[in-house]
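K.L.:
For reference, the structure I am asking about is given below.
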Amino acid sequence: MSCCQRTFNTIIMETNTKRLTLLLRGIDLTLLLIIASIIITFFYMNMYSRKFSDFANQLPGSDSFDNLKLNFKWITFKALLPKIVSRLLYGAVLFYLRKIVKSILNGGVFQSNQAIMIRKIAYYFLIFACLLLFFNLMLMTVAIVKGNMRYFTSSLLGFIGIFEQYVLPGLIGLGIAEVFISGMKIKEEQDLTI
């Protein structure tokens with residue numbers, strides 16, 4: 001290898017290290033923002049929960065209003081719980097991505113633990129998608145049984161959104177994990193030939 005090529009490779013590695021360090025700082029900042037958004041959401045949820053609960057307590061005390069009262073008491077939790085869970089999912093994904101970037105910065109490229117972490121990220125997405133798809137399918141079934149086509153259409157659009165937001169990233173993650181596994185095998189073969 002010539003001196004110029006060695007210098008060029010050193011410059012590329014330094015640039016890559018700078019980019020990876022910057023990525024690591026971005027991930028740290030994003031994780032802090034996710035934690036802050038979850039805490040803020042709990043504060044807002046508590047405040048609005050009290051308002052809806054006070055309103056529910058003002059409703060008449062008859063059997064016909066009991067279901068409505070219950071819905072008003074739990075409406076903020078029903079509305080914000082999916083957001084909190086998805087933020088936790090993305091926080092876990094970023095946590096594993098941070099571990100992968102740190103291992104690459106420490107000199108390990110195409111290691112088995114990186115492939116395992118990428119696979120975990122993909123499985124988190126797919127498991128969360130399966131749960132959401134199951135509940136959405138239940139809502140679609142209820143809408144069909146009750147003949148509510150507007151709610152069925154809304155649930156169908158939600159079904160498509162879940163597929164785009166969670167199933168596709170999960171499948172892409174599994175593909176990237178397989179690329180890492182292939183890279184590990186090529187690296188092992190290369191190490192054996194040297």
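Just so we're on the same page: first chain in the structure tokens is A, next is B, and so on; residues restart at 1 for each chain, and ligands are numbered from 1 in the order they show up.
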Which residues are near A:Leu156? Cut-off 9 Å, only C-alpha atoms, ignore same chain within fewer than 5 positions. Put them as JSON, numbers by chain.

P.N.:
{"A": [136, 137, 140, 151, 161]}

K.L.:
Which residues are close to A:Ser86, i.e. within 12 Å by only C-alpha atoms, leaving aside same-chain residues fewer than 2 positions away? Reply as a PyMOL selection string.

P.N.:
chain A and resi 34+37-38+80-84+88-93+124-125+127-129+131-132+162+165-166

K.L.:
Run DSSP on the backbone and give me the residues of stretch 127-170 of chain A it puts in alpha helix (DSSP H), as an MDAnalysis selection string.

P.N.:
chainID A and resid 127:146 149:162 168:170

K.L.:
Env of stretch 181-193 of chain A: 7 Å cut, atoms = only C-alpha atoms, seq-sep filter 3 positions within chain, self excluded. Answer as a VMD selection string.

P.N.:
chain A and resid 110 to 111 115 177 to 178

K.L.:
For atom CA of A:Ile160 and atom CA of A:Leu31, quote the distance in Å rounded to one decimal.

P.N.:
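Interatomic distance, atom CA of A:Ile160 to atom CA of A:Leu31: 27.6 Å.
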
K.L.:
Using only C-alpha atoms, pick whichever of A:Leu174, A:Leu24, A:Met47, A:Leu33 has the shortest atom-to-atom distance to A:Leu97.

P.N.:
A:Leu24

K.L.:
Just give me the gap between atom CA of A:Ile27 and atom CA of A:Lys102 in Å, one decimal is fine.

P.N.:
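We find that atom CA of A:Ile27 and atom CA of A:Lys102 lie 11.1 Å from each other.
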